[in-house]
Amino acid sequence: MPSASTRAAATHASADTRLAPGTPGHRRMSLALFAAGLAAFTLLYSTQALLPAISADFGATASAASWTVSAATGALALCVLPLSALSERFGRRTLMTASLSVAVALALLVPLAPNLESLVVLRALQGAALAGLPASAMAYLAEEVRPKALIGAIGLFVAGNSIGGMSGRIVSGWVAQLWGWRAGLAAVGLLSLACAVAFRVLLPKARHFTPGTLNPKALARTVRTHLSDPLLMRLYAIGALFMTVFGAVYTVIGYRLVEAPFSLPQGVIGSIFLVYLVGTVSSAAAGKLVGRLGRRGALYLAVSTTAAGLLLSLADALPAVLAGLVLITAGFFAGHAVASSSVSRTAKTGRAQASALYQSAYYLGSSAGGTLGAVAFHAGGWAGTVLIGLVAVLGVVSITLYGTHSARVEARRIRPATA
């Protein structure tokens, strides 16, 4: 016969109306946010695989062309916090829909850019439009999904990011090889349009959202609270540093592979991004990693995998470079899923703002990584880009070690008080 505590737990679970794994609403939500994540990364990094072709067409250096990526991620980083405030007033679902709609509309204009400067401006506007999606998605999940299923749900959203990044680059690469980079970007726009429609049709209405007011003072107070939380600050820094590695590597890899000794064509370079499938698996498995190793243990594993991949990619043999990219991608997506889900669990109030600050740090890391990686490549070749990545990896290790030390000190402080 079940105990009183067991019956109470069962009653509480049955009273919880949030989405649970295995239910039709949870499946629709998962598919919808997977499609949103796919569209977001497809659009955000749509020019990355095409940078060598864009450089050749406009007569631009790698660092100049890299701004077509860095401008988008930088604008997203700057706009994600104010747009997250709008989601508190108008709803997560409404803002996510508006963000995707504007970003897709701009995607259909991007291929028409007459010069590099206008292309960079359009990409910045596109990044700003996409800023309403990531923080709102994290807040939607935190409100609508049961706590035990949160890491898995966020992992699936991140998995959509990885497949979007992969499919966008592959599609644009092969289309560009046949008809030019403008046609490649047009194909990406059409793919994202299909994802946006699927997202809107599938996403369940929010049942646990309570509208707030647009109060700048309250927003500033919430932001100050989050920025004064040591754990949140460490998570923000970890997200930024992981993305610095990723931005540097994937902004520059096309330039490396188009040169000797590889000399690969555009379509094949785009297909290299099939390694993103590894990121899909590692991000979706992040919840299990945390369950077995703890949050810090999972981060140590993710950062070690990333560092090993960076070192392996230094070889001038294509199989070694591919193996290095696999390890970098697996480590990055696992680390990102752990850090981003930890933000949602740590913030008890103002979750949209907490997630927005994480996204700001994350995409600022992407902008810094893309620009610094391209500059380092110009100065010292691929080894220069790898050095940028290793410095960022060392930063993640230092922050995680500090967190481990702080937790032990706190445990020793509490133990005598409770003895």
# chains A, B, ... in the order shown; residues from 1 in each chain; ligands from 1
>>> closest_atom_pairs(of="range 176-242 of chain A", to="range 362-384 of chain A", cutoff="9 Å", atoms="only C-alpha atoms", output="tab-separated table")
residue	atom	partner	partner_atom	distance
A:Tyr236	CA	A:Tyr362	CA	7.1
A:Ala237	CA	A:Tyr362	CA	8.1
A:Ile238	CA	A:Tyr362	CA	8.4
A:Gly239	CA	A:Tyr362	CA	5.0
A:Ala240	CA	A:Tyr362	CA	4.2
A:Leu241	CA	A:Gly365	CA	6.0
A:Phe242	CA	A:Gly365	CA	7.6
>>> residues_around(residues="Ala40 in chain A", least_positions_apart="5", cutoff="8 Å", atoms="only C-alpha atoms", output="number ranges by chain")
A: 100, 130, 133, 161, 164, 192
>>> closest_residue(among="A:Leu51, A:Val321, A:Ala194, A:Ala187", to="Trp67 in chain A", atoms="only C-alpha atoms")
A:Leu51
>>> closest_residue(among="A:Met233, A:Ile54, A:Leu312, A:Ala49", to="Val120 in chain A", atoms="only C-alpha atoms")
A:Ile54
>>> atom_distance(atom1="CA of Val268 in chain A", atom2="CA of Ile253 in chain A")
12.3 Å
>>> atom_distance(atom1="CA of Leu38 in chain A", atom2="CA of Ile163 in chain A")
6.0 Å
>>> residues_around(residues="Pro230 in chain A", least_positions_apart="5", cutoff="12 Å", atoms="only C-alpha atoms", output="JSON, numbers by chain")
{"A": [224, 225, 235, 236, 237, 343, 346, 347, 399, 402, 403, 406, 407]}
>>> closest_residue(among="A:Ile272, A:Val393, A:Ala337, A:Met166", to="Gly152 in chain A", atoms="only C-alpha atoms")
A:Ala337
>>> residues_around(residues="range 167-178 of chain A", least_positions_apart="6", cutoff="6 Å", atoms="only C-alpha atoms", output="list in words")
Thr42, Ala49, Gly184, Val188, Gln266, Gly267, Gly270 and Ser271 of chain A
>>> write_last_selection(atoms="N, CA, C and O atoms", output="PDB file, in the first residue's frame")
ATOM      1  N   THR A  42      20.036  28.606 -38.636  1.00  0.00           N
ATOM      2  CA  THR A  42      20.175  28.649 -40.091  1.00  0.00           C
ATOM      3  C   THR A  42      20.359  30.084 -40.563  1.00  0.00           C
ATOM      4  O   THR A  42      21.221  30.386 -41.394  1.00  0.00           O
ATOM      5  N   ALA A  49      29.458  29.753 -43.951  1.00  0.00           N
ATOM      6  CA  ALA A  49      30.066  28.793 -44.879  1.00  0.00           C
ATOM      7  C   ALA A  49      30.411  29.433 -46.222  1.00  0.00           C
ATOM      8  O   ALA A  49      31.179  28.868 -46.999  1.00  0.00           O
ATOM      9  N   GLY A 184      22.629  30.710 -52.697  1.00  0.00           N
ATOM     10  CA  GLY A 184      22.747  29.950 -51.458  1.00  0.00           C
ATOM     11  C   GLY A 184      21.994  30.606 -50.313  1.00  0.00           C
ATOM     12  O   GLY A 184      21.291  29.943 -49.545  1.00  0.00           O
ATOM     13  N   VAL A 188      18.525  29.395 -48.108  1.00  0.00           N
ATOM     14  CA  VAL A 188      18.443  29.420 -46.652  1.00  0.00           C
ATOM     15  C   VAL A 188      17.183  30.171 -46.198  1.00  0.00           C
ATOM     16  O   VAL A 188      16.494  29.756 -45.261  1.00  0.00           O
ATOM     17  N   GLN A 266      33.508  24.651 -52.708  1.00  0.00           N
ATOM     18  CA  GLN A 266      32.537  25.246 -51.797  1.00  0.00           C
ATOM     19  C   GLN A 266      31.514  24.234 -51.286  1.00  0.00           C
ATOM     20  O   GLN A 266      31.186  24.214 -50.090  1.00  0.00           O
ATOM     21  N   GLY A 267      30.996  23.388 -52.173  1.00  0.00           N
ATOM     22  CA  GLY A 267      29.987  22.419 -51.750  1.00  0.00           C
ATOM     23  C   GLY A 267      30.512  21.434 -50.722  1.00  0.00           C
ATOM     24  O   GLY A 267      29.830  21.105 -49.745  1.00  0.00           O
ATOM     25  N   GLY A 270      30.858  23.121 -47.381  1.00  0.00           N
ATOM     26  CA  GLY A 270      29.556  23.189 -46.716  1.00  0.00           C
ATOM     27  C   GLY A 270      29.178  21.872 -46.068  1.00  0.00           C
ATOM     28  O   GLY A 270      28.603  21.833 -44.970  1.00  0.00           O
ATOM     29  N   SER A 271      29.531  20.760 -46.717  1.00  0.00           N
ATOM     30  CA  SER A 271      29.198  19.444 -46.177  1.00  0.00           C
ATOM     31  C   SER A 271      29.999  19.102 -44.936  1.00  0.00           C
ATOM     32  O   SER A 271      29.607  18.216 -44.162  1.00  0.00           O
TER      33      SER A 271
END
